[in-house]
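Peer 1: Sharing a structure below in structure tokens format, with a few things to ask.
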Protein chains: 2
Amino acid sequence: MIIESVDFFYASMPEVTLEADGSQDALLIRVTSGGLVGWGECEASPLVSIAAFVTPRSHGVCQPVSASVLGEELNGPADIARITALVERNSMDLLQAPHTFSGIEMALWDLLGQRFEEPVWKLLGYSDAYAKTPYASLLFGNTVDETMAQGRSAVAQNFRAVKFGWGPFGTGDPSVDADHLRAAREAIGPDTHLLVDAGQVWGEDVEAATARLDALEEVGAVWLEEPFHASAYAAHAALAARATSVRIAGGEGAHNVHMARNLIDYGGIGFVQIDAGRIGGLGAAKAIADYAASAGVTYVNHTFTSHLALSASLQPFAGLADHRICEYPVQPKQLATDITRTRLLPDANGEIHVPDAPGLGMSVDLEALEPYLHDVSITIDGRELYASPNRIRTAVSS
Amino acid sequence: MIIESVDFFYASMPEVTLEADGSQDALLIRVTSGGLVGWGECEASPLVSIAAFVTPRSHGVCQPVSASVLGEELNGPADIARITALVERNSMDLLQAPHTFSGIEMALWDLLGQRFEEPVWKLLGYSDAYAKTPYASLLFGNTVDETMAQGRSAVAQNFRAVKFGWGPFGTGDPSVDADHLRAAREAIGPDTHLLVDAGQVWGEDVEAATARLDALEEVGAVWLEEPFHASAYAAHAALAARATSVRIAGGEGAHNVHMARNLIDYGGIGFVQIDAGRIGGLGAAKAIADYAASAGVTYVNHTFTSHLALSASLQPFAGLADHRICEYPVQPKQLATDITRTRLLPDANGEIHVPDAPGLGMSVDLEALEPYLHDVSITIDGRELYASPNRIRTAVSS
């Protein structure tokens, strides 16, 4: 089969705020090949990612992503690996390329899954898929009371793990952070996993992070996520060495396999969190899952958007029985909910299951998306380089 | 002063080929503030970099670069550092942002230099600027004879250092590479520095690189550049440990200070090569120059485009007397030559000098650029998000 088309659907909420909430917009990718349709999603700036697909070439290793994708043969997983290597080479100097390619690569797996009537996790080499324990991703409240209310709401929804992040955490006095942490623990009770996300707030200031360690360990936090800049490995390692029980987590900022491996090798992290919509797709994510497992590091997905992205992000570690915690967008914007007809909801045990259906097993709802979609047009010297797909004529979904 | 405007000028040769020649297109940046004009240049995909400036926000840390630049105060170097931190925070999840910001940041320094009537290298903290020994950047020929002809042409132009790279090097039998290396040495004679650029050709295959070490050392190569993927630190370190005389060089792929420092700390490189048009600008580049000097690593600019980019790239290490070698684009496309009226030409000793003039000391020639310029238009839902500046009305140059 030949890759015939790659279409981009840019959707957003009517208002996109300054919240650290990645579900406010979405870039869906539709790929067609051999009469089949695959879907993927970039966790990335939609306009910039579209531009990286269609931009004129700058030179031999600064080519648009399209140059390595359109017209390529797609007959099995080896072709995805081959196309991935092409993109890495031909778009070496195009920084946005991995973000653009991530959604395309997902769609290629989705499409192959339909061709072979297998879920993607089987195509990735797993023979079984294990249930995951979703954690509710929440933002810290502006006040301790808001943080407590957030936590209570999550346990009321039967979550066994809760992550608090961003908001004011790390920006003020450490004693205020300690108050938020104790409120969070009180709200969720002693048996719920408590995770904390610092959102790179301390740059590479190890002392600032260390000032929060005692409180984190007092409340039994499982991990402290992204204390530092994504590539500040030495700071990560220094903090990990000072910690007694809490582990350092990170990896969402990695946009290739090497960066995630480096965070394991040099940063001393205990949890590697991969956004399959940024790292280059599911093949790259699976490579990191393999590496993490061999290094005694736990793999976790990073997902804050739709259930299409959620299904995709579960595939690379579906077969790792001991890597149980998964990120689960518990308060996504309506847009993210509306993207798919299929939803991955927790069962009676509070666990979620990656679909045992062809491809990613998700049905995209283009009709429901219609009110959120944007028409993008890019012209150079009056020539239209890109126009959003006509939604009526091309309203095909898998 | 307030940053009033940031304009992008996208220029390219009539035909952009698949050569590994970054001078085939250019993205010039013009910033205005307080009646002054500053110029910079991104070494990056023009369309994608423009999109990263104007894209609608996705969320609080995936904002367009413009959100952290337009309307900001610009009264001294501390403001540039502050704006840099804003971009890093507000555009954390926008992968292309550092490439876009690099040219803007350069223009801010150029503008401040005019305000204070000082060259940028003085604003960066140096009291003296030292001459640099330019090396001619050449591509390996497809045949040994072509490689030899390239080398002879460079020494005929009085270059005391020559770098060969890309082309077929590293892709075939190691004995063929050895033949090219011997031809290069024969062509340039025993006293000219010989540098070699592998262009990431071996991925992370240390054995493939090792198979070339003997020939590199036989011909007295000073460095072997980018043998591996930019973030494959362990591979760099393994090769460095096997080498006797040749040092490993790299860094052009770094898009923040941490990545370049990591290549020094974990990769064992002897030369760190920074493209100021990618790393985030001159402040980031200067931070790496400081770090390199303290770590016993030699700083080298990465520059393959215009003399505006060349002047900018020299500023961050202008004051490091012992870091003498600099990259010099010896066969740029006519576009790159036409960008500036000012040229940095080697003196009788074959050395080049960073301008001792306000700012970057370069005069941009917009009139000469006219035939190369492209009109870009980006619309979303029929609303024009970006249009190229009107060249006639805005033909201001510093």
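Simple scheme: letters A, B, ... for chains in structure tokens order, numbers from 1 for residues in each chain, numbers from 1 for ligands in the order shown.
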If we count only C-alpha atoms and set the cut-off at 6 Å, which residues sit around Tyr328 in chain B, ignoring sequence neighbours fewer than 2 positions away in its own chain? Please answer as a list of chain:residue names.

Peer 2: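 The neighbour list is B:Pro134, B:Tyr135, B:Ala136, B:Val330.
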
Peer 1: What's the 8 Å shell around range 171-188 of chain B, counting only C-alpha atoms, without same-chain residues fewer than 2 positions away, as a PyMOL selection string?

Peer 2: chain B and resi 140+143-145+147-149+151-152+154-155+162+164+168-169+190-192+194+201+211-212+215-216+219

Peer 1: Residues of chain B near chain A: apply a cut-off of 6 Å, count only C-alpha atoms, and supply the list as a PyMOL selection string.

Peer 2: chain B and resi 18-22+25+47-48+51-52+55+58-60+95-96+231-232+258+374-381

Peer 1: Tell me which of A:Ala348, A:Val69, A:Ile274, A:Ile3 sits closest to Gln157 in chain A, counting only C-alpha atoms.

Peer 2: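 Smallest separation from Gln157 in chain A among the options: A:Ala348.
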
Peer 1: Based on the backbone DSSP call, show me all residues of range 107-351 of chain A assigned strand (DSSP E), as a PyMOL selection string.

Peer 2: chain A and resi 133-139+161-165+193-197+223-225+247-250+271-274+298-301+325-328

Peer 1: Quick one: everything within 12 Å of Arg324 in chain B, counting only C-alpha atoms, minus sequence neighbours fewer than 6 positions away in the same chain. Send it as a list of chain:residue names.

Peer 2: B:Ala129, B:Tyr130, B:Ala131, B:Lys132, B:Thr133, B:Pro134, B:Tyr135, B:Arg160, B:Ala161, B:His193, B:Phe271, B:Thr298, B:Tyr299, B:Val300, B:Asn301, B:Leu314, B:Phe317, B:Ala318, B:Glu351, B:Ile352, B:His353

Peer 1: What separation in Å, quoted to one decimal, exists between CA of Arg30 in chain A and CA of Val120 in chain A?

Peer 2: 16.4 Å

Peer 1: I'd like to know which residues of range 9-179 of chain B are helix (DSSP H, G or I) (by DSSP, run on the backbone); could you write them as JSON, numbers by chain?

Peer 2: {"B": [22, 23, 24, 46, 47, 48, 49, 50, 51, 52, 53, 54, 65, 66, 67, 68, 77, 78, 79, 80, 81, 82, 83, 84, 85, 86, 87, 88, 89, 90, 97, 98, 99, 100, 101, 102, 103, 104, 105, 106, 107, 108, 109, 110, 111, 112, 113, 114, 115, 116, 120, 121, 122, 123, 144, 145, 146, 147, 148, 149, 150, 151, 152, 153, 154, 155, 156, 174, 175, 176, 177, 178, 179]}

Peer 1: Residues of the last selection are to be written out with C-alpha atoms, as a PDB file, in the first residue's frame.

Peer 2:
ATOM      1  CA  GLY B  22      22.049  25.770   4.573  1.00  0.00           C
ATOM      2  CA  SER B  23      22.666  28.950   2.585  1.00  0.00           C
ATOM      3  CA  GLN B  24      19.888  28.202   0.105  1.00  0.00           C
ATOM      4  CA  PRO B  46      11.432  30.031   7.571  1.00  0.00           C
ATOM      5  CA  LEU B  47       7.738  29.162   7.313  1.00  0.00           C
ATOM      6  CA  VAL B  48       7.693  27.006  10.444  1.00  0.00           C
ATOM      7  CA  SER B  49       9.594  29.641  12.408  1.00  0.00           C
ATOM      8  CA  ILE B  50       7.153  32.352  11.337  1.00  0.00           C
ATOM      9  CA  ALA B  51       4.255  30.103  12.343  1.00  0.00           C
ATOM     10  CA  ALA B  52       5.770  29.686  15.809  1.00  0.00           C
ATOM     11  CA  PHE B  53       5.681  33.461  16.237  1.00  0.00           C
ATOM     12  CA  VAL B  54       2.043  33.929  15.254  1.00  0.00           C
ATOM     13  CA  VAL B  65       6.805  33.388  20.732  1.00  0.00           C
ATOM     14  CA  SER B  66       5.190  36.771  20.046  1.00  0.00           C
ATOM     15  CA  ALA B  67       3.402  36.630  23.414  1.00  0.00           C
ATOM     16  CA  SER B  68       6.739  36.923  25.230  1.00  0.00           C
ATOM     17  CA  PRO B  77      20.949  43.115  28.549  1.00  0.00           C
ATOM     18  CA  ALA B  78      18.929  42.163  31.647  1.00  0.00           C
ATOM     19  CA  ASP B  79      15.765  42.629  29.602  1.00  0.00           C
ATOM     20  CA  ILE B  80      17.027  40.199  26.990  1.00  0.00           C
ATOM     21  CA  ALA B  81      17.643  37.631  29.737  1.00  0.00           C
ATOM     22  CA  ARG B  82      14.180  38.285  31.135  1.00  0.00           C
ATOM     23  CA  ILE B  83      12.516  37.905  27.736  1.00  0.00           C
ATOM     24  CA  THR B  84      14.515  34.726  27.115  1.00  0.00           C
ATOM     25  CA  ALA B  85      13.171  33.266  30.364  1.00  0.00           C
ATOM     26  CA  LEU B  86       9.650  34.297  29.381  1.00  0.00           C
ATOM     27  CA  VAL B  87       9.934  32.499  26.043  1.00  0.00           C
ATOM     28  CA  GLU B  88      11.337  29.392  27.716  1.00  0.00           C
ATOM     29  CA  ARG B  89       8.421  29.308  30.131  1.00  0.00           C
ATOM     30  CA  ASN B  90       5.527  30.431  27.950  1.00  0.00           C
ATOM     31  CA  ALA B  97      10.190  28.263  19.615  1.00  0.00           C
ATOM     32  CA  PRO B  98      13.983  28.283  20.215  1.00  0.00           C
ATOM     33  CA  HIS B  99      14.661  28.389  16.473  1.00  0.00           C
ATOM     34  CA  THR B 100      12.272  31.308  16.031  1.00  0.00           C
ATOM     35  CA  PHE B 101      13.541  33.163  19.055  1.00  0.00           C
ATOM     36  CA  SER B 102      17.210  32.840  18.084  1.00  0.00           C
ATOM     37  CA  GLY B 103      16.969  35.410  15.307  1.00  0.00           C
ATOM     38  CA  ILE B 104      14.822  37.721  17.408  1.00  0.00           C
ATOM     39  CA  GLU B 105      17.265  37.606  20.303  1.00  0.00           C
ATOM     40  CA  MET B 106      20.154  38.490  17.974  1.00  0.00           C
ATOM     41  CA  ALA B 107      18.192  41.458  16.705  1.00  0.00           C
ATOM     42  CA  LEU B 108      17.584  42.622  20.287  1.00  0.00           C
ATOM     43  CA  TRP B 109      21.351  42.664  20.909  1.00  0.00           C
ATOM     44  CA  ASP B 110      21.959  44.443  17.591  1.00  0.00           C
ATOM     45  CA  LEU B 111      19.438  47.062  18.602  1.00  0.00           C
ATOM     46  CA  LEU B 112      20.857  47.512  22.094  1.00  0.00           C
ATOM     47  CA  GLY B 113      24.322  47.833  20.598  1.00  0.00           C
ATOM     48  CA  GLN B 114      23.136  50.795  18.599  1.00  0.00           C
ATOM     49  CA  ARG B 115      21.479  52.344  21.593  1.00  0.00           C
ATOM     50  CA  PHE B 116      24.659  52.088  23.675  1.00  0.00           C
ATOM     51  CA  VAL B 120      27.530  43.251  21.007  1.00  0.00           C
ATOM     52  CA  TRP B 121      30.631  41.418  22.244  1.00  0.00           C
ATOM     53  CA  LYS B 122      31.195  44.264  24.689  1.00  0.00           C
ATOM     54  CA  LEU B 123      27.572  44.105  25.863  1.00  0.00           C
ATOM     55  CA  VAL B 144      38.311  11.350  -4.526  1.00  0.00           C
ATOM     56  CA  ASP B 145      39.329  13.698  -7.329  1.00  0.00           C
ATOM     57  CA  GLU B 146      36.471  16.064  -6.502  1.00  0.00           C
ATOM     58  CA  THR B 147      37.493  16.062  -2.851  1.00  0.00           C
ATOM     59  CA  MET B 148      41.044  16.896  -3.856  1.00  0.00           C
ATOM     60  CA  ALA B 149      39.913  19.718  -6.138  1.00  0.00           C
ATOM     61  CA  GLN B 150      37.796  21.165  -3.299  1.00  0.00           C
ATOM     62  CA  GLY B 151      40.768  21.140  -0.956  1.00  0.00           C
ATOM     63  CA  ARG B 152      43.119  22.759  -3.475  1.00  0.00           C
ATOM     64  CA  SER B 153      40.615  25.519  -4.125  1.00  0.00           C
ATOM     65  CA  ALA B 154      40.409  26.315  -0.391  1.00  0.00           C
ATOM     66  CA  VAL B 155      44.164  26.603   0.131  1.00  0.00           C
ATOM     67  CA  ALA B 156      44.401  28.702  -3.034  1.00  0.00           C
ATOM     68  CA  PRO B 174      35.656   2.703   5.404  1.00  0.00           C
ATOM     69  CA  SER B 175      38.517   2.289   2.918  1.00  0.00           C
ATOM     70  CA  VAL B 176      36.768   4.687   0.525  1.00  0.00           C
ATOM     71  CA  ASP B 177      36.474   7.231   3.343  1.00  0.00           C
ATOM     72  CA  ALA B 178      40.178   6.732   4.038  1.00  0.00           C
ATOM     73  CA  ASP B 179      40.916   7.503   0.388  1.00  0.00           C
TER      74      ASP B 179
END
